[in-house]
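Have a look at data38.csv below; it lists CSV, C-alpha atoms.
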```csv
chain,number,residue,atom,x,y,z
A,21,MET,CA,-172.9,-11.8,76.5
A,22,GLN,CA,-176.4,-10.9,75.7
A,23,GLY,CA,-178.7,-9.4,78.3
A,24,GLU,CA,-178.0,-8.0,81.7
A,25,ARG,CA,-175.5,-9.5,84.1
A,26,ASP,CA,-176.9,-12.8,85.3
A,27,ARG,CA,-176.2,-13.7,88.8
A,28,GLY,CA,-178.8,-16.4,88.8
A,29,PRO,CA,-181.9,-16.7,91.0
A,30,ALA,CA,-180.0,-17.4,94.2
A,31,GLY,CA,-177.0,-15.2,93.8
A,32,LEU,CA,-173.4,-16.4,94.3
A,33,VAL,CA,-173.0,-16.3,98.1
A,34,GLY,CA,-170.2,-18.7,99.1
A,35,ARG,CA,-169.0,-19.3,95.5
A,36,ASP,CA,-165.8,-17.2,95.4
A,37,ARG,CA,-163.6,-20.3,95.7
A,38,ALA,CA,-165.5,-22.1,93.0
A,39,LEU,CA,-165.2,-19.1,90.6
A,40,SER,CA,-161.5,-19.1,91.1
A,41,GLU,CA,-161.2,-22.8,90.6
A,42,VAL,CA,-163.2,-22.9,87.4
A,43,ALA,CA,-161.3,-20.0,86.1
A,44,GLU,CA,-158.1,-21.9,86.8
A,45,VAL,CA,-159.4,-25.0,84.9
A,46,LEU,CA,-160.4,-22.8,82.0
A,47,ARG,CA,-156.9,-21.4,81.8
A,48,ALA,CA,-155.5,-24.9,81.4
A,49,GLU,CA,-158.3,-26.3,79.2
A,50,ARG,CA,-160.3,-24.3,76.6
A,51,LEU,CA,-163.4,-26.5,77.1
A,52,VAL,CA,-164.7,-26.9,80.7
A,53,THR,CA,-167.9,-28.6,81.9
A,54,VAL,CA,-169.3,-27.6,85.2
A,55,SER,CA,-171.5,-30.5,86.5
A,56,GLY,CA,-173.6,-31.0,89.6
A,57,PRO,CA,-177.2,-31.7,90.7
A,58,GLY,CA,-180.1,-29.6,89.5
A,59,GLY,CA,-180.4,-26.3,91.5
A,60,VAL,CA,-176.7,-26.3,92.7
A,61,GLY,CA,-176.0,-23.0,90.8
A,62,LYS,CA,-174.1,-24.1,87.7
A,63,THR,CA,-175.8,-21.6,85.4
A,64,ALA,CA,-175.2,-18.7,87.8
A,65,LEU,CA,-171.6,-19.6,88.3
A,66,VAL,CA,-170.6,-19.8,84.6
A,67,ALA,CA,-172.6,-16.7,83.8
A,68,GLU,CA,-170.7,-14.8,86.5
A,69,LEU,CA,-167.4,-16.2,85.3
A,70,ALA,CA,-168.1,-15.3,81.7
A,71,HIS,CA,-169.0,-11.8,82.8
A,72,ARG,CA,-165.7,-11.4,84.6
A,73,LEU,CA,-163.6,-12.5,81.7
A,74,LEU,CA,-162.3,-9.5,79.8
A,75,PRO,CA,-165.0,-8.6,77.4
A,76,GLY,CA,-162.7,-6.7,75.1
A,77,GLN,CA,-160.7,-9.7,74.1
A,78,TRP,CA,-163.5,-11.5,72.3
A,79,GLN,CA,-164.7,-11.0,68.7
A,80,ALA,CA,-167.7,-13.2,69.4
A,81,VAL,CA,-169.5,-14.0,72.7
A,82,GLY,CA,-172.5,-16.2,72.8
A,83,ARG,CA,-174.8,-18.1,75.2
A,84,VAL,CA,-177.2,-20.9,74.4
A,85,ASP,CA,-179.6,-22.9,76.6
A,86,LEU,CA,-180.2,-26.4,75.3
A,87,ALA,CA,-183.1,-27.2,77.6
A,88,ARG,CA,-185.6,-26.9,74.7
A,89,LEU,CA,-183.4,-28.5,72.1
A,90,ASP,CA,-185.5,-31.1,70.0
A,91,GLY,CA,-182.5,-33.2,69.0
A,92,PRO,CA,-178.7,-33.3,68.7
A,93,GLU,CA,-178.9,-32.6,65.0
A,94,GLN,CA,-179.9,-29.0,65.9
A,95,LEU,CA,-176.8,-28.3,67.9
A,96,PRO,CA,-174.5,-26.8,65.3
A,97,GLN,CA,-177.1,-24.3,64.1
A,98,ARG,CA,-178.0,-23.3,67.7
A,99,LEU,CA,-174.3,-22.8,68.5
A,100,ALA,CA,-173.9,-20.8,65.4
A,101,ARG,CA,-176.8,-18.5,66.1
A,102,ALA,CA,-175.4,-17.9,69.7
A,103,LEU,CA,-172.1,-16.8,68.2
A,104,GLY,CA,-173.6,-14.7,65.5
A,105,ARG,CA,-172.6,-17.0,62.7
A,106,GLU,CA,-176.0,-17.6,61.1
A,107,GLY,CA,-176.3,-18.7,57.5
A,108,LEU,CA,-174.5,-22.0,57.8
A,109,PRO,CA,-175.3,-24.6,55.1
A,110,ASP,CA,-178.6,-26.4,55.7
A,111,ARG,CA,-176.8,-29.5,56.9
A,112,GLY,CA,-175.6,-27.3,59.9
A,113,THR,CA,-172.4,-29.3,60.4
A,114,ALA,CA,-169.9,-28.6,63.2
A,115,GLU,CA,-167.3,-28.4,60.4
A,116,ALA,CA,-169.2,-25.5,58.8
A,117,LEU,CA,-169.3,-23.7,62.2
A,118,ALA,CA,-165.6,-24.3,62.7
A,119,ASP,CA,-164.9,-22.8,59.3
A,120,ALA,CA,-167.0,-19.8,60.1
A,121,LEU,CA,-165.3,-19.1,63.4
A,122,GLY,CA,-161.7,-19.8,62.2
A,123,GLY,CA,-159.2,-18.6,64.7
A,124,ALA,CA,-161.2,-15.7,66.0
A,125,PRO,CA,-161.2,-15.3,69.8
A,126,ALA,CA,-164.6,-16.3,71.0
A,127,LEU,CA,-166.3,-17.3,74.2
A,128,LEU,CA,-169.3,-19.6,74.2
A,129,VAL,CA,-171.5,-20.6,77.2
A,130,VAL,CA,-173.6,-23.7,76.6
A,131,ASP,CA,-176.1,-24.3,79.4
A,132,THR,CA,-178.2,-27.4,80.2
A,133,CYS,CA,-176.2,-29.9,78.1
A,134,GLU,CA,-177.5,-33.0,80.0
A,135,TYR,CA,-180.2,-33.8,77.5
A,136,VAL,CA,-177.7,-34.3,74.7
A,137,ALA,CA,-174.6,-34.8,76.7
A,138,ASP,CA,-172.7,-37.2,74.4
A,139,ALA,CA,-173.4,-35.3,71.2
A,140,CYS,CA,-172.6,-32.0,72.9
A,141,ALA,CA,-169.3,-33.2,74.2
A,142,GLU,CA,-168.4,-34.5,70.8
A,143,ILE,CA,-169.3,-31.3,68.9
A,144,LEU,CA,-167.7,-28.9,71.5
A,145,THR,CA,-164.5,-31.0,71.6
A,146,GLY,CA,-164.3,-30.8,67.8
A,147,LEU,CA,-165.0,-27.1,67.7
A,148,VAL,CA,-162.3,-26.3,70.3
A,149,ALA,CA,-159.8,-28.5,68.4
A,150,ALA,CA,-160.5,-26.7,65.1
A,151,CYS,CA,-160.8,-23.2,66.5
A,152,PRO,CA,-157.7,-22.1,68.5
A,153,GLY,CA,-159.3,-18.9,69.7
A,154,LEU,CA,-162.5,-20.5,71.1
A,155,ARG,CA,-163.1,-21.1,74.8
A,156,VAL,CA,-166.2,-22.9,76.0
A,157,LEU,CA,-168.0,-23.1,79.4
A,158,ALA,CA,-170.7,-25.7,79.6
A,159,THR,CA,-173.1,-26.8,82.3
A,160,SER,CA,-174.6,-30.3,82.7
A,161,ARG,CA,-176.3,-32.3,85.4
A,162,THR,CA,-174.6,-35.3,83.8
A,163,PRO,CA,-170.8,-35.0,83.7
A,164,MET,CA,-169.6,-34.9,80.1
A,165,ASP,CA,-166.4,-36.3,78.6
A,166,THR,CA,-164.6,-33.0,78.1
A,167,ALA,CA,-161.0,-31.9,78.5
A,168,GLY,CA,-161.8,-29.8,81.6
A,169,HIS,CA,-164.3,-30.7,84.3
A,170,TYR,CA,-165.4,-29.1,87.5
A,171,ARG,CA,-168.0,-30.7,89.9
A,172,LEU,CA,-169.9,-28.0,91.8
A,173,HIS,CA,-170.9,-29.1,95.2
A,174,PRO,CA,-173.8,-27.8,97.5
A,175,LEU,CA,-172.9,-25.1,100.0
A,176,PRO,CA,-171.8,-25.9,103.5
A,177,LEU,CA,-174.4,-25.1,106.2
A,178,GLU,CA,-173.0,-21.7,107.2
A,179,GLU,CA,-172.8,-20.5,103.6
A,180,ALA,CA,-176.4,-21.8,103.0
A,181,ALA,CA,-177.5,-19.8,106.0
A,182,ARG,CA,-175.8,-16.6,104.6
A,183,LEU,CA,-177.6,-17.2,101.3
A,184,PHE,CA,-181.0,-17.6,103.0
A,185,GLU,CA,-180.5,-14.3,104.8
A,186,ALA,CA,-179.3,-12.6,101.5
A,187,SER,CA,-182.3,-14.0,99.6
A,188,GLY,CA,-184.7,-13.0,102.3
A,189,ARG,CA,-183.6,-9.4,102.5
A,190,GLN,CA,-185.7,-8.5,99.4
A,191,TRP,CA,-188.9,-9.0,101.4
A,192,GLU,CA,-187.9,-6.1,103.7
A,193,LEU,CA,-188.9,-7.8,106.9
A,194,ALA,CA,-189.2,-5.8,110.1
A,195,ASP,CA,-187.3,-8.4,112.0
A,196,ALA,CA,-184.7,-10.7,110.5
A,197,PRO,CA,-185.1,-14.4,111.2
A,198,ALA,CA,-183.2,-15.7,114.2
A,199,PRO,CA,-179.8,-17.3,113.1
A,200,GLU,CA,-180.7,-20.5,114.9
A,201,THR,CA,-183.9,-20.9,113.0
A,202,VAL,CA,-182.2,-20.1,109.7
A,203,GLU,CA,-179.7,-22.9,110.4
A,204,TYR,CA,-182.4,-25.3,111.2
A,205,ILE,CA,-184.2,-24.5,108.0
A,206,CYS,CA,-181.0,-24.8,105.9
A,207,SER,CA,-180.1,-28.2,107.5
A,208,TYR,CA,-183.1,-29.6,105.6
A,209,LEU,CA,-182.0,-28.0,102.3
A,210,ASP,CA,-178.6,-29.8,102.0
A,211,GLY,CA,-176.9,-26.6,100.8
A,212,LEU,CA,-178.7,-26.5,97.5
A,213,PRO,CA,-179.0,-22.9,96.4
A,214,LEU,CA,-182.3,-23.4,94.6
A,215,ALA,CA,-183.8,-24.9,97.7
A,216,VAL,CA,-182.5,-22.1,99.9
A,217,HIS,CA,-183.8,-19.5,97.5
A,218,ILE,CA,-187.3,-21.1,97.4
A,219,ALA,CA,-187.4,-21.4,101.1
A,220,ALA,CA,-186.3,-17.8,101.7
A,221,GLY,CA,-189.1,-16.8,99.2
A,222,GLN,CA,-191.7,-18.1,101.7
A,223,LEU,CA,-190.8,-15.2,104.0
A,224,ALA,CA,-193.3,-13.1,102.0
A,225,ARG,CA,-196.2,-15.0,103.6
A,226,HIS,CA,-194.9,-17.3,106.3
A,227,SER,CA,-193.0,-16.8,109.6
A,228,PRO,CA,-189.5,-18.5,109.9
A,229,ASN,CA,-191.0,-21.1,112.2
A,230,GLU,CA,-193.7,-21.9,109.7
A,231,ILE,CA,-191.0,-22.3,107.0
A,232,LEU,CA,-189.1,-24.7,109.2
A,233,THR,CA,-192.2,-26.8,109.5
A,234,LEU,CA,-192.8,-26.7,105.7
A,235,VAL,CA,-189.2,-27.8,104.8
A,236,SER,CA,-189.2,-30.5,107.4
A,237,ARG,CA,-192.1,-32.3,105.7
A,238,ALA,CA,-191.2,-34.0,102.4
A,239,ASP,CA,-194.7,-33.5,100.9
A,240,THR,CA,-194.6,-29.8,101.3
A,241,LEU,CA,-190.9,-29.2,100.7
A,242,LEU,CA,-191.0,-30.6,97.2
A,243,ASP,CA,-193.9,-28.3,96.1
A,244,LEU,CA,-192.8,-25.0,97.6
A,245,THR,CA,-192.5,-22.4,94.8
A,246,ILE,CA,-191.9,-18.7,94.1
A,247,PRO,CA,-192.5,-16.7,90.9
A,248,GLY,CA,-189.8,-16.2,88.3
A,249,LEU,CA,-188.0,-19.5,88.1
A,250,PRO,CA,-187.6,-21.6,84.9
A,251,ALA,CA,-190.2,-24.3,84.5
A,252,ARG,CA,-187.7,-27.1,85.2
A,253,GLN,CA,-186.8,-25.4,88.5
A,254,ARG,CA,-190.2,-24.0,89.5
A,255,THR,CA,-190.2,-26.4,92.5
A,256,LEU,CA,-187.8,-28.9,93.8
A,257,ARG,CA,-190.1,-31.6,92.5
A,258,ASP,CA,-189.8,-30.2,89.0
A,259,SER,CA,-186.0,-30.1,89.3
A,260,LEU,CA,-185.9,-33.7,90.6
A,261,LEU,CA,-188.3,-34.9,87.9
A,262,SER,CA,-186.0,-33.5,85.3
A,263,THR,CA,-183.1,-35.4,86.8
A,264,HIS,CA,-185.3,-38.5,87.2
A,265,GLN,CA,-185.9,-38.5,83.4
A,266,LEU,CA,-182.2,-38.5,82.7
A,267,CYS,CA,-181.6,-41.6,84.8
A,268,THR,CA,-181.6,-45.2,83.5
A,269,PRO,CA,-184.4,-47.5,84.7
A,270,ALA,CA,-181.9,-49.2,87.0
A,271,GLU,CA,-180.8,-45.9,88.4
A,272,GLN,CA,-184.4,-44.8,89.0
A,273,LEU,CA,-185.1,-48.1,90.8
A,274,LEU,CA,-182.0,-47.9,93.0
A,275,TRP,CA,-182.7,-44.2,93.8
A,276,ALA,CA,-186.1,-45.3,95.1
A,277,ARG,CA,-184.9,-48.3,97.1
A,278,CYS,CA,-181.9,-46.5,98.7
A,279,THR,CA,-184.3,-44.1,100.4
A,280,VAL,CA,-185.0,-46.8,103.0
A,281,PHE,CA,-181.5,-46.3,104.6
A,282,PRO,CA,-182.0,-44.1,107.6
A,283,GLY,CA,-178.4,-42.9,107.6
A,284,PRO,CA,-175.1,-43.2,105.6
A,285,PHE,CA,-174.8,-46.3,103.4
A,286,GLY,CA,-172.4,-47.7,100.9
A,287,LEU,CA,-172.3,-50.0,97.8
A,288,ARG,CA,-172.0,-53.1,100.0
A,289,ASP,CA,-175.1,-52.1,102.0
A,290,ALA,CA,-177.1,-51.4,98.8
A,291,LEU,CA,-176.1,-54.8,97.4
A,292,GLU,CA,-177.4,-56.5,100.5
A,293,VAL,CA,-180.7,-54.5,100.8
A,294,CYS,CA,-181.6,-53.4,97.3
A,295,ALA,CA,-180.6,-56.2,94.9
A,296,ASP,CA,-183.1,-58.7,93.6
A,297,GLU,CA,-184.2,-60.2,90.3
A,298,ARG,CA,-185.4,-56.8,89.0
A,299,LEU,CA,-182.1,-55.2,90.0
A,300,PRO,CA,-179.3,-57.9,89.9
A,301,SER,CA,-175.9,-57.2,91.5
A,302,GLU,CA,-174.1,-56.3,88.3
A,303,GLY,CA,-176.8,-53.8,87.3
A,304,LEU,CA,-176.9,-52.4,90.8
A,305,VAL,CA,-173.2,-51.7,90.8
A,306,SER,CA,-173.5,-49.7,87.6
A,307,ALA,CA,-176.6,-47.9,88.8
A,308,PHE,CA,-174.9,-47.0,92.1
A,309,ALA,CA,-172.1,-45.4,90.1
A,310,GLY,CA,-174.7,-43.5,88.1
A,311,LEU,CA,-176.3,-42.1,91.2
A,312,ASP,CA,-172.9,-40.9,92.4
A,313,ARG,CA,-172.1,-39.4,89.0
A,314,ARG,CA,-175.4,-37.5,89.0
A,315,ALA,CA,-174.8,-36.3,92.6
A,316,LEU,CA,-178.0,-38.0,93.8
A,317,ILE,CA,-175.9,-39.5,96.6
A,318,LEU,CA,-173.1,-37.6,98.2
A,319,PRO,CA,-169.9,-39.2,99.5
A,320,GLN,CA,-169.4,-39.0,103.3
A,321,GLU,CA,-165.9,-40.4,103.1
A,322,PRO,CA,-163.2,-39.5,100.5
A,323,HIS,CA,-163.2,-41.7,97.4
A,324,GLY,CA,-160.4,-44.2,97.4
A,325,THR,CA,-160.7,-45.1,101.1
A,326,THR,CA,-161.3,-48.7,102.1
A,327,TYR,CA,-165.1,-48.3,102.1
A,328,SER,CA,-166.8,-45.1,100.9
A,329,THR,CA,-170.2,-44.2,102.5
A,330,TYR,CA,-172.8,-41.9,101.1
A,331,ARG,CA,-175.8,-40.0,102.1
A,332,MET,CA,-178.9,-39.0,100.1
A,333,PRO,CA,-180.0,-35.3,100.4
A,334,TRP,CA,-183.4,-34.8,102.1
A,335,SER,CA,-185.3,-33.5,99.0
A,336,THR,CA,-183.7,-36.3,96.8
A,337,ARG,CA,-184.8,-38.9,99.4
A,338,ALA,CA,-188.3,-37.4,99.6
A,339,HIS,CA,-188.8,-37.7,95.8
A,340,GLY,CA,-187.3,-41.2,95.8
A,341,ARG,CA,-189.5,-42.4,98.7
A,342,GLN,CA,-192.6,-41.2,96.9
A,343,TRP,CA,-191.5,-43.1,93.8
A,344,LEU,CA,-190.8,-46.3,95.9
A,345,ASN,CA,-194.4,-46.0,97.3
A,346,ARG,CA,-195.8,-45.6,93.8
A,347,LEU,CA,-193.9,-48.8,92.7
A,348,GLY,CA,-195.6,-50.6,95.6
A,349,GLU,CA,-192.2,-51.6,97.1
A,350,GLU,CA,-192.0,-49.4,100.2
A,351,ARG,CA,-193.1,-52.0,102.8
A,352,GLU,CA,-190.9,-54.7,101.3
A,353,PHE,CA,-187.7,-52.7,101.3
A,354,LEU,CA,-188.3,-51.1,104.6
A,355,GLN,CA,-188.5,-54.6,106.0
A,356,ARG,CA,-185.4,-55.6,104.2
A,357,CYS,CA,-183.6,-52.6,105.6
A,358,LEU,CA,-184.8,-53.4,109.1
A,359,THR,CA,-183.5,-56.9,108.8
A,360,TRP,CA,-180.1,-55.5,107.6
A,361,LEU,CA,-180.0,-53.1,110.5
A,362,LEU,CA,-180.7,-55.8,113.1
A,363,GLY,CA,-178.2,-58.1,111.5
A,364,ASP,CA,-175.6,-55.4,111.6
A,365,SER,CA,-176.2,-54.5,115.2
```
Would you write the structure of this file as structure tokens?
Amino acid sequence: MQGERDRGPAGLVGRDRALSEVAEVLRAERLVTVSGPGGVGKTALVAELAHRLLPGQWQAVGRVDLARLDGPEQLPQRLARALGREGLPDRGTAEALADALGGAPALLVVDTCEYVADACAEILTGLVAACPGLRVLATSRTPMDTAGHYRLHPLPLEEAARLFEASGRQWELADAPAPETVEYICSYLDGLPLAVHIAAGQLARHSPNEILTLVSRADTLLDLTIPGLPARQRTLRDSLLSTHQLCTPAEQLLWARCTVFPGPFGLRDALEVCADERLPSEGLVSAFAGLDRRALILPQEPHGTTYSTYRMPWSTRAHGRQWLNRLGEEREFLQRCLTWLLGDS
């Protein structure tokens, strides 16, 4: 792989199990998509796994980031350049790339597939079928229809706290933050490595208690930043805006309205509080599944139980609440939620 070893901006604290599990899926399926919310560490995970795979076994190794791709028609040429197979016919077909690769052992990492998820899944599936030596690791905020799939979840609180401490060490502080304060900070960050890394970066100019105040306020949490991050992840707001643009209008509307729930909620609750003529029941059910698929709501109970409940991460809720306010619906749906709460008590 080109460039230096990439451990990602937030490192890989707490990801040993995920690395082993993705490697196991890749052994069973030659095309694996790692999905999860923005900032969960997908890029760092697949970069580390690709680094660990025996480099001597590949005739071609490539990595491509599709964040700036103008359209799916450019995909074959971008993939070809990544694998050192330039000079395809102008039409740039996947078939031409498959012919160029043949049966050579090759490893391809395709990052940020969510903007062209359907086209990417189709082309990569065709390539793997036509090229028996090719293995592909892809990342996408939107799960893709590929043979292998792994959903990367946020870190548990204790691992998020370890990551905060590891990220904060670069600032060479005289006194390490108190473990209790670190845990309080991380409790607002929902185990999202990007959020933890950004929060730890504030140690350069803020005390731990000041950071706790910053992350506990939605308006400041979303706009905290540190240098060196990609544009789409410069702040949590940038990351969430990127995901917001991927959502359907119904998903965007339901995301905003579900922020009125003060605690866990389920589909039945969303139907009672959030449905109206703009978001009828049938469309809401589909939108709810979309929020789950994009990890904008996280299950509290295992799927398949009688009634699954979900929670919305703090930063995701903050972005959605601001959107609800912008839509002019905040007062109405807070009142509807209060009526629901009183009727349920």
Exercise. Find the residue from A:Ala276, A:Cys133, A:Leu311, A:Val216 that sits nearest to A:Gly348; use only C-alpha atoms when measuring.
Key: A:Ala276
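Between atom CA of A:Leu51 and atom CA of A:Arg35 the separation is 20.5 Å.
One finds atom CA of A:Gly221 at 27.7 Å from atom CA of A:Thr279.
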Quiz prompt | For A:Thr145, the nearest of the candidates A:Thr132, A:Thr162, A:Thr53, A:Gln342, counting only C-alpha atoms | solution =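 Answer, going by the shortest atom-to-atom distance: A:Thr53.
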Quiz item: Which residue out of A:Leu32, A:Leu232, A:Leu354, A:Leu214 has the minimum interatomic distance to A:Arg257 when all atoms listed in the file are used?
Solution: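 Of A:Leu32, A:Leu232, A:Leu354, A:Leu214, the one nearest A:Arg257 is A:Leu214, counting all atoms listed in the file.
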Quiz item: Suppose you want the space between atom CA of A:Leu69 and atom CA of A:Val129; what is it in Å?
Solution: 10.1 Å
Which polymer residues have any atom within 7 Å of an atom of stretch 218-220 of chain A, counting all atoms listed in the file, with same-chain residues fewer than 3 positions away left out, as a PDB file with C-alpha atoms, in the coordinates of the input?
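File part.pdb, as written:
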```pdb
ATOM      1  CA  PHE A 184    -181.000 -17.600 103.000  1.00  0.00           C
ATOM      2  CA  SER A 187    -182.300 -14.000  99.600  1.00  0.00           C
ATOM      3  CA  GLY A 188    -184.700 -13.000 102.300  1.00  0.00           C
ATOM      4  CA  LEU A 214    -182.300 -23.400  94.600  1.00  0.00           C
ATOM      5  CA  ALA A 215    -183.800 -24.900  97.700  1.00  0.00           C
ATOM      6  CA  LEU A 223    -190.800 -15.200 104.000  1.00  0.00           C
ATOM      7  CA  ILE A 231    -191.000 -22.300 107.000  1.00  0.00           C
ATOM      8  CA  LEU A 244    -192.800 -25.000  97.600  1.00  0.00           C
ATOM      9  CA  THR A 245    -192.500 -22.400  94.800  1.00  0.00           C
ATOM     10  CA  ILE A 246    -191.900 -18.700  94.100  1.00  0.00           C
TER      11      ILE A 246
END
```
What are the nearest atom pairs, with distances in Å to one decimal, for all residues of stretch 228-320 of chain A that come at most 12 Å from stretch 56-62 of chain A, using all atoms listed in the file, set out by chain and rising residue number as JSON lines?
```
{"residue": "A:Leu249", "atom": "CA", "partner": "A:Gly59", "partner_atom": "CA", "distance": 10.7}
{"residue": "A:Pro250", "atom": "CA", "partner": "A:Gly59", "partner_atom": "CA", "distance": 10.8}
{"residue": "A:Arg252", "atom": "CA", "partner": "A:Gly58", "partner_atom": "CA", "distance": 9.1}
{"residue": "A:Gln253", "atom": "CA", "partner": "A:Gly59", "partner_atom": "CA", "distance": 7.1}
{"residue": "A:Arg254", "atom": "CA", "partner": "A:Gly59", "partner_atom": "CA", "distance": 10.3}
{"residue": "A:Thr255", "atom": "CA", "partner": "A:Gly59", "partner_atom": "CA", "distance": 9.9}
{"residue": "A:Leu256", "atom": "CA", "partner": "A:Gly59", "partner_atom": "CA", "distance": 8.2}
{"residue": "A:Arg257", "atom": "CA", "partner": "A:Gly58", "partner_atom": "CA", "distance": 10.6}
{"residue": "A:Asp258", "atom": "CA", "partner": "A:Gly58", "partner_atom": "CA", "distance": 9.7}
{"residue": "A:Ser259", "atom": "CA", "partner": "A:Gly58", "partner_atom": "CA", "distance": 5.9}
{"residue": "A:Leu260", "atom": "CA", "partner": "A:Gly58", "partner_atom": "CA", "distance": 7.2}
{"residue": "A:Leu261", "atom": "CA", "partner": "A:Gly58", "partner_atom": "CA", "distance": 9.9}
{"residue": "A:Ser262", "atom": "CA", "partner": "A:Gly58", "partner_atom": "CA", "distance": 8.2}
{"residue": "A:Thr263", "atom": "CA", "partner": "A:Gly58", "partner_atom": "CA", "distance": 7.1}
{"residue": "A:His264", "atom": "CA", "partner": "A:Gly58", "partner_atom": "CA", "distance": 10.6}
{"residue": "A:Leu266", "atom": "CA", "partner": "A:Gly58", "partner_atom": "CA", "distance": 11.4}
{"residue": "A:Leu311", "atom": "CA", "partner": "A:Pro57", "partner_atom": "CA", "distance": 10.5}
{"residue": "A:Asp312", "atom": "CA", "partner": "A:Pro57", "partner_atom": "CA", "distance": 10.3}
{"residue": "A:Arg313", "atom": "CA", "partner": "A:Gly56", "partner_atom": "CA", "distance": 8.6}
{"residue": "A:Arg314", "atom": "CA", "partner": "A:Pro57", "partner_atom": "CA", "distance": 6.3}
{"residue": "A:Ala315", "atom": "CA", "partner": "A:Pro57", "partner_atom": "CA", "distance": 5.5}
{"residue": "A:Leu316", "atom": "CA", "partner": "A:Pro57", "partner_atom": "CA", "distance": 7.1}
{"residue": "A:Ile317", "atom": "CA", "partner": "A:Pro57", "partner_atom": "CA", "distance": 9.9}
{"residue": "A:Leu318", "atom": "CA", "partner": "A:Pro57", "partner_atom": "CA", "distance": 10.4}
```
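For A:Val305, the residues within 8 Å (counting all atoms listed in the file, excluding itself and residues fewer than 4 positions away along the chain) are A:Leu287, A:Leu291, A:Ser301, A:Ala309.
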Exercise. Tell me which of A:Ala116, A:Ala48, A:Val293, A:Ala87 sits closest to A:Thr159, counting only C-alpha atoms.
Key: A:Ala87
Practice problem: For A:Ala137, list every protein, DNA or RNA residue within 12 Å, evaluated using only C-alpha atoms, and leave out those in the same chain fewer than 3 positions away; present the list as a ChimeraX atom specification. | Solution: /A:53,55,86-87,89,91-92,95,130-134,140-145,158-166,266
Practice problem: Please identify all polymer residues within 10 Å of A:Gln272, counting all atoms listed in the file, omitting same-chain residues fewer than 2 positions from it, and present them as a list in words. | Solution: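 Contacts, with the query itself left out: Thr263, His264, Gln265, Leu266, Cys267, Thr268, Pro269, Ala270, Leu274, Trp275, Ala276, Arg277, Ala307, Gly310, Leu311, Gly340, Trp343 and Leu344 of chain A.
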Quiz item: Near A:Leu127, within 10 Å and counting all atoms listed in the file, which residues show up once chain neighbours fewer than 6 positions away are dropped, as a PyMOL selection string?
Solution: chain A and resi 21+50+70+73+75+77-83+103+153-157
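Proximity of A:Gln320, A:Thr233, A:Asn345, A:Ser306 to A:Pro333, computed with all atoms listed in the file, is greatest for A:Gln320.
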Quiz item: Pick from A:Leu242, A:Leu99, A:Cys278, A:Ala43: nearest to A:His339, with all atoms listed in the file counted?
Solution: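 Of the candidates, the smallest distance to A:His339 is held by A:Leu242.
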Quick one: stretch 222-250 of chain A from the block, C-alpha atoms, as a PDB file, in the first residue's frame.
```
ATOM      1  CA  GLN A 222      -8.649  20.253  23.235  1.00  0.00           C
ATOM      2  CA  LEU A 223      -6.126  19.432  25.993  1.00  0.00           C
ATOM      3  CA  ALA A 224      -3.676  21.681  24.141  1.00  0.00           C
ATOM      4  CA  ARG A 225      -5.607  24.745  25.337  1.00  0.00           C
ATOM      5  CA  HIS A 226      -8.295  23.652  27.809  1.00  0.00           C
ATOM      6  CA  SER A 227      -8.352  21.924  31.169  1.00  0.00           C
ATOM      7  CA  PRO A 228     -10.180  18.570  31.424  1.00  0.00           C
ATOM      8  CA  ASN A 229     -13.046  20.248  33.313  1.00  0.00           C
ATOM      9  CA  GLU A 230     -13.361  22.866  30.579  1.00  0.00           C
ATOM     10  CA  ILE A 231     -13.462  20.092  27.968  1.00  0.00           C
ATOM     11  CA  LEU A 232     -16.235  18.394  29.934  1.00  0.00           C
ATOM     12  CA  THR A 233     -18.257  21.606  29.749  1.00  0.00           C
ATOM     13  CA  LEU A 234     -17.595  21.942  26.008  1.00  0.00           C
ATOM     14  CA  VAL A 235     -18.701  18.406  25.117  1.00  0.00           C
ATOM     15  CA  SER A 236     -21.788  18.577  27.328  1.00  0.00           C
ATOM     16  CA  ARG A 237     -23.154  21.473  25.255  1.00  0.00           C
ATOM     17  CA  ALA A 238     -24.497  20.541  21.846  1.00  0.00           C
ATOM     18  CA  ASP A 239     -23.660  23.883  20.254  1.00  0.00           C
ATOM     19  CA  THR A 240     -19.967  23.654  21.164  1.00  0.00           C
ATOM     20  CA  LEU A 241     -19.531  19.870  20.804  1.00  0.00           C
ATOM     21  CA  LEU A 242     -20.461  19.913  17.116  1.00  0.00           C
ATOM     22  CA  ASP A 243     -17.910  22.585  16.222  1.00  0.00           C
ATOM     23  CA  LEU A 244     -14.827  21.516  18.190  1.00  0.00           C
ATOM     24  CA  THR A 245     -11.896  20.932  15.857  1.00  0.00           C
ATOM     25  CA  ILE A 246      -8.187  20.145  15.689  1.00  0.00           C
ATOM     26  CA  PRO A 247      -5.814  20.465  12.708  1.00  0.00           C
ATOM     27  CA  GLY A 248      -5.008  17.675  10.306  1.00  0.00           C
ATOM     28  CA  LEU A 249      -8.378  15.981   9.813  1.00  0.00           C
ATOM     29  CA  PRO A 250     -10.026  15.468   6.393  1.00  0.00           C
TER      30      PRO A 250
END
```
